[in-house]
Amino acid sequence: MSDGLSRRDWMRALGGSGIGAGLGSLYLSNPAAADTRGVGPAAGIVNGKVIQPQRELPILRRTEVLVVGGGPAGVSAAIAARRCGSTVVLVERYGHFGGLWTGGLVLLVIGHLANGKTQVSRGIGEEMMQRLEKLDRGICNRGPGKDPTVDAEALKYVMVEMVTEAGVDVLLHCWAVDAIMDGDTIKGAVFESKSGRQAILADVVVDATGDGDVCGAAGAEHERRIYHIGLPCRIGNLDRVDRAKAPSKPPKGLGHITPIDGVNWVNMHGPDADGLDVTALSRLELAHRKQIWKAVQAIRQTPGYEQVYLMETAPQLGVRITRVLKGVGSITHEDHRAGKTFPDVVAVGGVTGGDGARLGCNGPWQVPYGALLPRNVQNLLAAGRCISFDKQMTDVVRLIPNCFTTGHAAGVAAAVSAKDRCRPRDVEIAKVQRILRDQGAFLG
Amino acid sequence: MDNKRRRRLIVRCGFLVAATLLVAPILPWRTSPYVLASSPFVTLCSLVATRSIRPMMLAAVPVLVVCVLARRWFCRYACPTGWLLEHVDRVRSHRRAGLVRWPRFGLWIALLTLGGACAGYPLLLWTDPLAVFGNVVGLPWRDSWAAGVLVAAVALFIVALTAAWPRAWCRKVCPLGATQDLLARIRLRRRRAGQADAGFVFDRRRGIPRRSVLAVAVGAVGANVAFRRSDADRAKPLRPPGAMSEARFIGLCARCGNCVRACPERLLSPDVGRHGIVSLMTPLVEFRETYCLKECVACMEACPTGALVRFSSDRKVQASIGKPVINRERCLLNATECRRCIAACPYEALRTQWDADAYEAVLAVDPTRCPGCGACEVVCPTAPKAIVVRPSRC
């Protein structure tokens, strides 16, 4: 007998689930609720294998644009598409927006400047930062040629405001687990939440998961990369350091400023690990947490620093890179050095001084539309750090500004594609670029 | 002026012009090393010391052949240093007679160097007149006034010597002259009817003096002892690729400056006293704004004595300048996720490793890939640098 399911097993599973469904329905007070609650019969063990019975999934939403992931890329995509007039559903696995920017305590905005002075990453991300300026302790270090730092809570709030103002349909605590395919065309995605397993159908899907989860599930060609995974934290009471007792050289690991006085955020490099391996993620969470506690205790042992305390560890583990799309186009460091301009440019990125020195070029780099398009899947767009780029560009493409600019571009392209009833790769690029510019994006 | 003297004058002019053109920074650097390589003194000692034959050595063959056939023809016709010194000569020509009593310093220099060469350390190649000429005209000291002073001092010494005792340098001190004397002892026996042997034989009438053998032996043993002991504790200098061990390099280097001139990135400069007397005017590597290019083997190709062993560019790891040493306190890898050196390395020899005890990332060098090119040192943003190439051989 082969490894697949035999007819007998199949009949058993079907029979078992049928009986289970029958019995389960006896206990349901409201039969109508069973349709929207995506909870089906339990998985069973057949011949030593765990088998999940096949069943129909309830359709939670139908929409023109489905944005999976509510980080800087996803939120920008959702707002952009909504402003183009499309119906938009935005789905996020955590309970907040901002992804690693907020939940991951990245906070610092770098990579938005070309040649150290020109801000080339604008659009909806710039709007977010302008709104933060109006809030007390929302953002600090804003100014030409400077790298600002945001406050996570303020930004979470700003994103909620912007998303609800735009009229985006939001689902939080909802995790994309599968793509819905018809041949090589994506039709939507499957989500898991407290409400069970449900489907959302869409004309166009934007994968803003960072890890390219939807691209992976849809079978899009991609590369797997291993990178270092850390866990940032915030420490407080640095404005209560007793300068009289403190040594001249401050202790290690004090981190960098935030908009809140006395509160710093501390980065962690971390070891290389596979961000798609739950065992590795778990192991690292435990180890990092222990280490952060230890490190903060060491700071507290330093004379003068006794009041310093650990405010929070990042709710999201700092996974930097996992899946990288193999796109129709790509961002390469040769193009960056050559200052290449694309006729289908949809976003522009910058470099920090350090990255500029590393890459041998301080100038801007352009994102061709093709970098957002999978080669072998239709109606799917990638945005953020999972778009197509070469290894040398890793440390600039994964930065926050590129996430909100490519998210912005993906949102507009998705909306235009849905409205014009064509595949994303067939949209009229000039139209997309015009709308992007109208929405404040910088395209070189 | 009679015909013979006029011919000689023309030939000498020709050699001086040719030597100047080849050595001075007018033509590309590739021709310059051949001038020093044409000296039989340098090439013979280099041949013995390195026990290998390099194409550049062929430049010495015609010179050597003619030296055997016509004693000191090089001095009379070809040597640019010699001809320049003759103009100094004319100041006090009447002192010529006293020179006969001078010891033949040049012969001792040549024999000691040859002896040293047998042990692998020729020692005194830098006394060759073509090396002196090359240093004066070739401008390897263009970026270092101190090196210029040293070159000038040597040149002035020779000039002053010649002014005080005309032709003293050429007749008594110059090792190349002495080499020619030694070579002239090998006389081509003309074939005579009935004679069984022909070809090169020693002229039995003159023989090999016992003193010469002694000098060679002293040179060999002395060099061996001096050099094996000398590289103990001193701060090690950073040498061009192909230098192999420090002791070997100092012995073989003729301080001619050809490598300094050849380096397209201007990484090399003459040592003006940082590493002791034995290292004076030898090339040192310094990475400032640029580094040793991956495909470049210029210095190794420019070296006339084989002090820098020739390696092809894809085998540069074996020729390595040194290896990077990382200062973890200064390194920004954890503080800002810097990674500039990793990106800059043309050999992909740098990567990160996780130190679980310190809970931080550290840089690790793959020594099988790294030739010490210095790209990492150049891009490091910290001051003083967190990654510095240091010599890795004794």
# chains A, B, ... in the order shown; residues from 1 in each chain; ligands from 1
>>> select_by_dssp(residues="range 330-438 of chain A", states="strand (DSSP E or B)", output="PyMOL selection string")
chain A and resi 331+345-349+365-368+374+378+380-382+389
>>> write_last_selection(atoms="C-alpha atoms", output="CSV table (one decimal), in the first residue's frame")
chain,number,residue,atom,x,y,z
A,331,ILE,CA,16.3,45.1,-6.7
A,345,VAL,CA,9.4,52.5,-10.7
A,346,VAL,CA,6.9,52.3,-7.9
A,347,ALA,CA,9.0,53.2,-4.8
A,348,VAL,CA,12.4,54.7,-4.0
A,349,GLY,CA,14.6,53.7,-1.1
A,365,TRP,CA,17.7,52.9,-5.3
A,366,GLN,CA,14.5,52.3,-7.2
A,367,VAL,CA,12.0,49.6,-6.8
A,368,PRO,CA,10.7,48.2,-10.2
A,374,PRO,CA,5.6,36.6,-8.2
A,378,GLN,CA,-1.4,35.7,-10.6
A,380,LEU,CA,-0.8,38.3,-5.9
A,381,LEU,CA,1.5,41.2,-4.9
A,382,ALA,CA,4.2,41.1,-2.3
A,389,PHE,CA,16.0,41.6,-4.0
>>> closest_atom_pairs(of="range 104-133 of chain B", to="range 44-68 of chain B", cutoff="6 Å", atoms="only C-alpha atoms", output="tab-separated table")
residue	atom	partner	partner_atom	distance
B:Leu114	CA	B:Cys45	CA	5.5
B:Ala117	CA	B:Ala49	CA	4.3
B:Cys118	CA	B:Ala49	CA	5.6
B:Gly120	CA	B:Ala49	CA	4.3
>>> write_last_selection(atoms="N, CA and C atoms", output="mmCIF file, in the first residue's frame")
data_model
loop_
_atom_site.group_PDB
_atom_site.id
_atom_site.type_symbol
_atom_site.label_atom_id
_atom_site.label_comp_id
_atom_site.auth_asym_id
_atom_site.auth_seq_id
_atom_site.Cartn_x
_atom_site.Cartn_y
_atom_site.Cartn_z
ATOM 1 N N LEU B 114 76.859 36.226 -1.528
ATOM 2 C CA LEU B 114 76.689 34.931 -2.187
ATOM 3 C C LEU B 114 76.589 33.826 -1.146
ATOM 4 N N ALA B 117 73.365 33.961 0.366
ATOM 5 C CA ALA B 117 72.377 33.417 -0.567
ATOM 6 C C ALA B 117 72.297 31.900 -0.445
ATOM 7 N N CYS B 118 73.432 31.295 -0.195
ATOM 8 C CA CYS B 118 73.411 29.831 -0.039
ATOM 9 C C CYS B 118 72.512 29.428 1.122
ATOM 10 N N GLY B 120 70.000 31.255 1.986
ATOM 11 C CA GLY B 120 68.690 31.809 1.675
ATOM 12 C C GLY B 120 68.545 33.290 1.992
#
>>> closest_atom_pairs(of="chain B", to="chain A", cutoff="9 Å", atoms="only C-alpha atoms", output="CSV")
residue,atom,partner,partner_atom,distance
B:Leu333,CA,A:His269,CA,7.9
B:Asn334,CA,A:His269,CA,5.4
B:Ala335,CA,A:Asn267,CA,7.5
B:Thr336,CA,A:Asn267,CA,8.4
B:Glu337,CA,A:His269,CA,6.9
B:Cys338,CA,A:Gly354,CA,6.8
B:Arg339,CA,A:Arg358,CA,7.6
B:Arg340,CA,A:Arg358,CA,4.7
B:Cys341,CA,A:Arg358,CA,7.5
B:Ile342,CA,A:Arg358,CA,8.6
B:Ala343,CA,A:Arg358,CA,6.0
B:Ala344,CA,A:Arg358,CA,6.5
B:Thr352,CA,A:Asp272,CA,8.6
B:Gln353,CA,A:Pro271,CA,7.3
B:Trp354,CA,A:Pro271,CA,5.3
B:Asp355,CA,A:Pro271,CA,8.3
B:Ala356,CA,A:Pro271,CA,8.5
B:Tyr359,CA,A:Gly270,CA,7.5
B:Glu360,CA,A:Gly270,CA,6.6
B:Ala361,CA,A:His269,CA,6.5
B:Val379,CA,A:Ala357,CA,7.3
B:Pro381,CA,A:Gly354,CA,8.0
>>> closest_residue(among="A:Thr302, A:Thr394, A:Thr87, A:Gln198", to="Gly167 in chain A", atoms="only C-alpha atoms")
A:Thr87
>>> closest_residue(among="A:Leu201, A:Ala81, A:Leu372, A:Ala208", to="Pro58 in chain A", atoms="only C-alpha atoms")
A:Leu201
>>> atom_distance(atom1="CA of Glu295 in chain B", atom2="CA of Ser245 in chain B")
22.6 Å
>>> closest_residue(among="B:Trp169, B:Leu267, B:Arg261, B:Arg310", to="Ile26 in chain B", atoms="only C-alpha atoms")
B:Arg261
>>> residues_around(residues="Val65 in chain A", least_positions_apart="5", cutoff="12 Å", atoms="only C-alpha atoms", output="MDAnalysis selection string")
chainID A and resid 74 77:91 168:169 186:189 200:207 379:381 410:419 421 424
>>> write_last_selection(atoms="N, CA and C atoms", output="compact mmCIF listing (two decimals), in the first residue's frame")
# COMPACT_ATOMS: atom_id res chain seq x y z
N GLY A 74 1.54 46.52 5.24
CA GLY A 74 0.13 46.18 5.12
C GLY A 74 -0.78 47.36 5.39
N ALA A 77 -0.64 49.65 2.49
CA ALA A 77 -1.34 49.08 1.33
C ALA A 77 -2.84 49.22 1.50
N ALA A 78 -3.31 48.92 2.70
CA ALA A 78 -4.75 48.95 2.93
C ALA A 78 -5.31 50.36 2.78
N ILE A 79 -4.63 51.33 3.40
CA ILE A 79 -5.10 52.71 3.32
C ILE A 79 -5.05 53.20 1.87
N ALA A 80 -3.96 52.87 1.17
CA ALA A 80 -3.81 53.31 -0.22
C ALA A 80 -4.91 52.75 -1.10
N ALA A 81 -5.17 51.46 -0.95
CA ALA A 81 -6.18 50.82 -1.80
C ALA A 81 -7.56 51.40 -1.49
N ARG A 82 -7.79 51.65 -0.21
CA ARG A 82 -9.09 52.21 0.18
C ARG A 82 -9.28 53.59 -0.41
N ARG A 83 -8.19 54.38 -0.43
CA ARG A 83 -8.29 55.73 -0.98
C ARG A 83 -8.50 55.70 -2.48
N CYS A 84 -8.17 54.56 -3.10
CA CYS A 84 -8.45 54.43 -4.54
C CYS A 84 -9.89 54.02 -4.77
N GLY A 85 -10.60 53.72 -3.69
CA GLY A 85 -12.01 53.38 -3.83
C GLY A 85 -12.32 51.91 -3.77
N SER A 86 -11.34 51.06 -3.56
CA SER A 86 -11.62 49.62 -3.50
C SER A 86 -12.15 49.23 -2.14
N THR A 87 -12.88 48.12 -2.10
CA THR A 87 -13.19 47.52 -0.80
C THR A 87 -11.93 46.77 -0.36
N VAL A 88 -11.58 46.99 0.92
CA VAL A 88 -10.31 46.44 1.42
C VAL A 88 -10.55 45.72 2.73
N VAL A 89 -10.02 44.53 2.85
CA VAL A 89 -9.98 43.84 4.13
C VAL A 89 -8.52 43.72 4.54
N LEU A 90 -8.24 44.16 5.76
CA LEU A 90 -6.87 44.08 6.29
C LEU A 90 -6.86 43.08 7.43
N VAL A 91 -6.00 42.08 7.34
CA VAL A 91 -5.96 41.03 8.35
C VAL A 91 -4.59 41.02 9.01
N VAL A 168 -11.19 51.01 6.25
CA VAL A 168 -10.71 49.66 5.95
C VAL A 168 -11.42 48.66 6.87
N ASP A 169 -11.78 47.56 6.32
CA ASP A 169 -12.41 46.48 7.10
C ASP A 169 -11.29 45.69 7.78
N ILE A 186 -4.50 33.25 -7.52
CA ILE A 186 -4.93 33.24 -6.11
C ILE A 186 -6.32 33.85 -6.03
N LYS A 187 -7.16 33.23 -5.21
CA LYS A 187 -8.53 33.69 -5.11
C LYS A 187 -8.82 34.26 -3.73
N GLY A 188 -7.88 34.13 -2.83
CA GLY A 188 -8.12 34.59 -1.47
C GLY A 188 -7.19 33.85 -0.54
N ALA A 189 -7.53 33.89 0.75
CA ALA A 189 -6.67 33.22 1.72
C ALA A 189 -7.50 32.60 2.82
N ILE A 200 -11.35 34.12 3.17
CA ILE A 200 -11.68 35.43 2.64
C ILE A 200 -11.35 35.40 1.16
N LEU A 201 -12.34 35.72 0.34
CA LEU A 201 -12.12 35.72 -1.10
C LEU A 201 -11.82 37.14 -1.56
N ALA A 202 -10.92 37.26 -2.52
CA ALA A 202 -10.56 38.59 -2.99
C ALA A 202 -10.19 38.54 -4.47
N ASP A 203 -10.32 39.73 -5.13
CA ASP A 203 -9.85 39.81 -6.51
C ASP A 203 -8.33 39.85 -6.54
N VAL A 204 -7.77 40.62 -5.64
CA VAL A 204 -6.30 40.74 -5.57
C VAL A 204 -5.86 40.60 -4.12
N VAL A 205 -4.76 39.92 -3.91
CA VAL A 205 -4.23 39.72 -2.55
C VAL A 205 -2.86 40.39 -2.45
N VAL A 206 -2.67 41.12 -1.35
CA VAL A 206 -1.34 41.71 -1.08
C VAL A 206 -0.73 40.96 0.10
N ASP A 207 0.42 40.36 -0.10
CA ASP A 207 1.12 39.65 0.96
C ASP A 207 2.06 40.62 1.66
N ASN A 379 -2.46 37.55 -9.62
CA ASN A 379 -3.33 38.32 -8.71
C ASN A 379 -2.76 38.42 -7.30
N LEU A 380 -1.47 38.18 -7.17
CA LEU A 380 -0.83 38.29 -5.87
C LEU A 380 0.31 39.30 -5.96
N LEU A 381 0.38 40.19 -4.95
CA LEU A 381 1.47 41.17 -4.88
C LEU A 381 2.17 41.00 -3.54
N ALA A 410 1.95 48.59 -3.54
CA ALA A 410 1.18 47.36 -3.73
C ALA A 410 -0.31 47.65 -3.56
N GLY A 411 -0.63 48.52 -2.59
CA GLY A 411 -2.04 48.86 -2.36
C GLY A 411 -2.65 49.53 -3.57
N VAL A 412 -1.95 50.50 -4.13
CA VAL A 412 -2.49 51.21 -5.30
C VAL A 412 -2.59 50.26 -6.49
N ALA A 413 -1.55 49.48 -6.71
CA ALA A 413 -1.57 48.56 -7.85
C ALA A 413 -2.70 47.54 -7.71
N ALA A 414 -2.92 47.08 -6.48
CA ALA A 414 -3.99 46.09 -6.25
C ALA A 414 -5.35 46.72 -6.55
N ALA A 415 -5.52 47.96 -6.09
CA ALA A 415 -6.80 48.64 -6.32
C ALA A 415 -7.05 48.85 -7.81
N VAL A 416 -6.02 49.32 -8.50
CA VAL A 416 -6.15 49.55 -9.94
C VAL A 416 -6.43 48.25 -10.67
N SER A 417 -5.73 47.21 -10.25
CA SER A 417 -5.93 45.90 -10.88
C SER A 417 -7.36 45.41 -10.68
N ALA A 418 -7.89 45.60 -9.45
CA ALA A 418 -9.25 45.14 -9.17
C ALA A 418 -10.25 45.98 -9.97
N LYS A 419 -10.04 47.30 -9.96
CA LYS A 419 -10.98 48.21 -10.66
C LYS A 419 -10.99 47.95 -12.16
N ARG A 421 -10.11 45.33 -13.63
CA ARG A 421 -10.37 43.93 -13.92
C ARG A 421 -9.27 43.30 -14.77
N PRO A 424 -2.61 42.01 -11.88
CA PRO A 424 -1.66 43.03 -11.42
C PRO A 424 -0.51 43.25 -12.38
>>> atom_distance(atom1="CA of Ala155 in chain B", atom2="CA of Val88 in chain B")
12.4 Å
>>> closest_residue(among="A:Gly236, A:Gly196, A:Gly145, A:Gly262", to="Ala42 in chain A", atoms="only C-alpha atoms")
A:Gly196
>>> residues_around(residues="Met159 in chain A", least_positions_apart="6", cutoff="9 Å", atoms="only C-alpha atoms", output="list in words")
Val75, His96, Phe97, Gly98 and Met128 of chain A
>>> atom_distance(atom1="CA of Val68 in chain A", atom2="CA of Thr209 in chain A")
6.1 Å
>>> residues_around(residues="range 103-118 of chain A", least_positions_apart="2", cutoff="8 Å", atoms="only C-alpha atoms", output="VMD selection string")
chain A and resid 96 to 101 120 to 121 144 to 152 231 to 234 258 265 267 314 to 318 349 to 353 362 to 364 396 399 to 402
